[in-house]
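Participant: Below are the structure tokens for one structure; questions will follow.
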Amino acid sequence: MIPTELGTENVGKLLKQYAMPAIVAMAAASLYNMVDSIFIGQGVGPMAIAGLAVTFPLMNLSTAFGTLVGVGAVTLISMLLGQKNYYMANRVLGNVVMLNVAIGLLVTILGLVFLDPILYFFGASEATIPYAREYMVIILAGNVISHLYHGLNGVVRASGLPKKAMAATLLAVGLNTVLDPIFIFGLDMGIRGAAIATILAQVVSLLWILKMLTDKDHVVHFSREVFHFDIKIAERSLSIGMAPFLMNVASCFVVILINRQLQFHGGDMAIGAYGIVNRIVFLFIMLNMGFTQGMQPIAGYNYGAKLYPRVKKVLTLTIICATATTTMAFLVGELVPNAMVSLFTRDPELRELSAHALRIIVAVFPIVGYQIVVTSFFQSIGYARKAIFLSLSRQLLFLLPFLIVFPRLWGTDGVWWSMPASDTVAALIALLMISRLMKSFGKEEKAILE
């Protein structure tokens with residue numbers, strides 16, 4: 001698709017064209033993580049699942065640094081294409097690569113040097129740290145690959161090739177699914193084999209993405225001129241990417257507190273239950289992220305072109321789709337929790353704990369999709385401060401206090417109930433903020449017409 005059609009094509013058709021590949025890609029990315037967990041849970045055991053859950057905060061932290069660069073760059077490219085500034089869009093591409101490599105190497109070095117203290121702080125025990133360590137050594141070693149893979153895949157999607165971005169993700173997922181049983185069972189490498197399979201799959205997919213971005217016929221592509229570090233581009237990109245970065249950092253600290261509270265009130269099995277529930281819930285969250293990723297280039301382009309009715313329409317359609325998705329998560333979690341958790345473990349105690357937690361965590365999920373979309377919308381049109389506030393409101397302003405107070409009153413159940421409680425408050429805040437923004441759009445529309 002020619003990027004300028006983002007400003008002329010039917011909005012519903014555009015959202016379908018951009019969101020569907022992103023949804024497939026994000027669902028595949030979620031399955032990417034689920035496949036590891038399922039093979040590890042069924043093939044290595046419940047303590048390995050708990051060890052994997054301990055790594056979630058560190059994985060979130062690594063992802064945070066990747067999104068700091070990638071999401072900001074994708075938003076900038078969408079807006080620059082809307083302004084028909086193709087030269088600067090290509091300069092952003094070059095800065096994506098340089099920043100990802102630099103930040104990725106820094107995360108790798110610090111992570112490997114302080115790995116054991118970090119994992120213990122994150123809730124590891126003597127029983128789970130061997131599994132967590134084995135997994136994270138490999139993941140951290142391939143951190144630059146992961147950052148480049150996710151960042152450049154976003155660039156491909158934003159620059160008018162959503163189906164190819166989807167195909168790159170499907171390639172990585174497919175390879176990971178094939179390699180997991182080979183390394184875990186065939187080569188008897190256990191949890192370390194799952195990590196190796198993940199990185200190898202990303203290497204292959206990244207090579208294909210790099211090949212796509214060397215095509216000079218594509219509006220955004222590599223050339224010698226793009227590899228000049230531009231401090232203004234970096235600052236703008238990082239400021240926009242700060243919202244998802246802080247959201248992931250906040251998520252990291254929240255998961256640390258969750259793990260530590262679960263360790264204190266329920267032990268390793270409770271942490272393992274959270275690991276399973278997190279993977280299930282993550283699938284539906286990632287489907288929502290697919291809708292928001294499809295929305296971002298459309299909203300960014302039309303906002304850059306000052307086509308406010310189209311901006312509002314894509315927001316409305318995305319909210320409808322996202323709400324339907326999280327309502328589906330609610331129904332699955334309440335009606336068939338045992339079937340879902342049985343995919344990950346055969347241990348009766350772990351299955352019972354996981355099913356109980358899943359029912360509670362999805363209790364208010366129908367309103368979660370709305371809050372995710374609104375946060376992403378502010379980010380996609382360059383309202384970095386508002387996006388940052390919404391990103392942090394659920395994680396820090398509400399969830400952290402609930403996680404401190406609720407477990408004192410209700411033990412392990414208090415940990416589970418803190419999540420739907422914070423979701424409810426955060427959704428109300430998002431409603432207030434987006435209502436005010438829509439009023440300001442109405443005023444700007446009138447000014448343009450006059």
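Chain labels run A, B, ... following the order of the structure tokens; each chain numbers its residues from 1, and ligands are numbered from 1 in the order shown.
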Go through stretch 38-69 of chain A and flag each residue having an atom no more than 8 Å from stretch 143-153 of chain A; for those, report the closest pair of atoms plus their distance in Å to one decimal, using only C-alpha atoms, ordered by chain and rising number, as a tab-separated table.
Facilitator:
residue	atom	partner	partner_atom	distance
A:Ser62	CA	A:Asn143	CA	7.6
A:Thr63	CA	A:His147	CA	7.6
A:Gly66	CA	A:His147	CA	5.1
A:Thr67	CA	A:Gly151	CA	7.3
A:Val69	CA	A:Gly151	CA	7.2
Participant: Which residue, A:Thr345, A:Thr75, A:Ser239, A:Ser125, has the smallest gap to A:Phe39 when you use only C-alpha atoms?
Facilitator: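 Selected residue with least distance to A:Phe39: A:Thr345.
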Participant: May I ask which of the residues A:Phe114, A:Tyr274, A:Tyr120, A:Phe65 is the closest one to A:Ser354, counting only C-alpha atoms?
Facilitator: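 Comparing A:Phe114, A:Tyr274, A:Tyr120, A:Phe65 against A:Ser354, the winner is A:Tyr274.
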Participant: Please determine, counting only C-alpha atoms, which residue among A:Asp413, A:Asp116, A:Glu225, A:Asp423 has the shortest atom-to-atom distance to A:Tyr370.
Facilitator: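 That would be A:Asp423, the residue with the smallest distance to A:Tyr370.
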Participant: Set the distance at 10 Å and use only C-alpha atoms: which residues neighbour A:Met136 once local chain neighbours fewer than 6 positions away are removed? I'd like the list as a ChimeraX atom specification.
Facilitator: /A:52,55-56,58-59,111-112,115,119,142,191-192,195
Participant: Go ahead and write the residues just picked, N, CA and C atoms, as a PDB file, in the first residue's frame.
Facilitator:
ATOM      1  N   LEU A  52      10.807 -19.675  35.255  1.00  0.00           N
ATOM      2  CA  LEU A  52      10.529 -18.834  34.094  1.00  0.00           C
ATOM      3  C   LEU A  52       9.753 -17.587  34.507  1.00  0.00           C
ATOM      4  N   THR A  55      11.775 -14.725  35.714  1.00  0.00           N
ATOM      5  CA  THR A  55      12.499 -13.951  34.700  1.00  0.00           C
ATOM      6  C   THR A  55      11.637 -12.860  34.065  1.00  0.00           C
ATOM      7  N   PHE A  56      10.319 -12.875  34.294  1.00  0.00           N
ATOM      8  CA  PHE A  56       9.429 -11.923  33.636  1.00  0.00           C
ATOM      9  C   PHE A  56       9.843 -10.467  33.860  1.00  0.00           C
ATOM     10  N   LEU A  58      12.772  -9.161  34.395  1.00  0.00           N
ATOM     11  CA  LEU A  58      13.974  -8.858  33.626  1.00  0.00           C
ATOM     12  C   LEU A  58      13.661  -8.826  32.133  1.00  0.00           C
ATOM     13  N   MET A  59      12.791  -9.717  31.692  1.00  0.00           N
ATOM     14  CA  MET A  59      12.357  -9.694  30.293  1.00  0.00           C
ATOM     15  C   MET A  59      11.611  -8.394  29.988  1.00  0.00           C
ATOM     16  N   GLY A 111      23.053  -6.889  32.603  1.00  0.00           N
ATOM     17  CA  GLY A 111      22.232  -8.040  32.988  1.00  0.00           C
ATOM     18  C   GLY A 111      23.054  -9.259  33.320  1.00  0.00           C
ATOM     19  N   LEU A 112      24.064  -9.557  32.510  1.00  0.00           N
ATOM     20  CA  LEU A 112      24.899 -10.739  32.744  1.00  0.00           C
ATOM     21  C   LEU A 112      25.781 -10.573  33.982  1.00  0.00           C
ATOM     22  N   LEU A 115      23.372 -10.861  37.175  1.00  0.00           N
ATOM     23  CA  LEU A 115      22.224 -11.739  36.951  1.00  0.00           C
ATOM     24  C   LEU A 115      21.680 -12.389  38.222  1.00  0.00           C
ATOM     25  N   LEU A 119      17.962 -11.823  39.949  1.00  0.00           N
ATOM     26  CA  LEU A 119      16.952 -12.880  39.996  1.00  0.00           C
ATOM     27  C   LEU A 119      16.468 -13.149  41.415  1.00  0.00           C
ATOM     28  N   GLY A 142      21.511 -12.685  23.498  1.00  0.00           N
ATOM     29  CA  GLY A 142      20.921 -12.331  22.204  1.00  0.00           C
ATOM     30  C   GLY A 142      20.076 -11.075  22.248  1.00  0.00           C
ATOM     31  N   ILE A 191      15.380 -26.047  29.814  1.00  0.00           N
ATOM     32  CA  ILE A 191      14.952 -24.666  29.680  1.00  0.00           C
ATOM     33  C   ILE A 191      15.945 -23.833  28.865  1.00  0.00           C
ATOM     34  N   ARG A 192      17.213 -24.214  28.897  1.00  0.00           N
ATOM     35  CA  ARG A 192      18.228 -23.515  28.100  1.00  0.00           C
ATOM     36  C   ARG A 192      17.947 -23.691  26.603  1.00  0.00           C
ATOM     37  N   ALA A 195      15.431 -21.161  25.323  1.00  0.00           N
ATOM     38  CA  ALA A 195      16.017 -19.835  25.094  1.00  0.00           C
ATOM     39  C   ALA A 195      16.809 -19.800  23.787  1.00  0.00           C
TER      40      ALA A 195
END
Participant: With distances taken over only C-alpha atoms, which of A:Gly70, A:Ala324, A:Gly174, A:Ile258 is nearest to A:Trp417?
Facilitator: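 Selected residue with least distance to A:Trp417: A:Ile258.
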Participant: Hey, which bits of stretch 33-106 of chain A sit within 12 Å of stretch 384-394 of chain A, and for each residue what's the closest pair of atoms and how far apart in Å (one decimal), counting only C-alpha atoms, rows by chain and increasing number, as a tab-separated table?
Facilitator:
residue	atom	partner	partner_atom	distance
A:Leu68	CA	A:Ile388	CA	11.8
A:Val71	CA	A:Ala384	CA	11.4
A:Gly72	CA	A:Ala384	CA	9.5
A:Thr75	CA	A:Ala384	CA	10.8
A:Leu76	CA	A:Ala384	CA	11.9
Participant: Go ahead and save the picked residues with N, CA and C atoms, as a short mmCIF file (atom, residue, chain, number, x, y, z; two decimals), in the first residue's frame.
Facilitator:
data_model
loop_
_atom_site.label_atom_id
_atom_site.label_comp_id
_atom_site.auth_asym_id
_atom_site.auth_seq_id
_atom_site.Cartn_x
_atom_site.Cartn_y
_atom_site.Cartn_z
N LEU A 68 11.57 1.77 24.03
CA LEU A 68 12.01 3.16 24.17
C LEU A 68 12.47 3.71 22.82
N VAL A 71 9.18 2.14 19.51
CA VAL A 71 7.84 2.73 19.43
C VAL A 71 7.91 4.20 19.04
N GLY A 72 8.87 4.92 19.62
CA GLY A 72 9.03 6.32 19.27
C GLY A 72 9.37 6.49 17.80
N THR A 75 6.27 5.87 15.56
CA THR A 75 5.37 7.03 15.59
C THR A 75 5.92 8.18 14.75
N LEU A 76 7.21 8.45 14.89
CA LEU A 76 7.84 9.52 14.10
C LEU A 76 7.75 9.24 12.60
#
Participant: Quick one: everything within 7 Å of A:Ser418, counting only C-alpha atoms, minus sequence neighbours fewer than 2 positions away in the same chain. Send it as an NGL selection string.
Facilitator: :A and (399 or 402-403 or 406 or 414-416 or 420-422)
Participant: Out of A:Ile298, A:Val11, A:Val44, A:Leu400, which residue has the shortest atom-to-atom distance to A:Ala250 when counting only C-alpha atoms?
Facilitator: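 For A:Ala250, the nearest of the candidates is A:Leu400.
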Participant: In Å, rounded to a single decimal, give me how far atom CA of A:Ile434 is from atom CA of A:Ile280.
Facilitator: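 Going from atom CA of A:Ile280 over to atom CA of A:Ile434, I get 28.9 Å.
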Participant: What is the atom CA of A:Gly411-atom CA of A:His356 distance in Å, reported with one decimal?
Facilitator: 13.8 Å
Participant: With only C-alpha atoms as the basis for distance, which of A:Ile40, A:Leu432, A:Ala27, A:Val173 is at the shortest distance from A:Met189?
Facilitator: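 Looking only at the distances to A:Met189, the closest residue turns out to be A:Ile40.
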Participant: What lies within 12 Å of A:Leu81 using only C-alpha atoms, ignoring chain neighbours under 2 positions off, as a PyMOL selection string?
Facilitator: chain A and resi 2-7+74-79+83-90+92+155+158-160+219-220+297-305
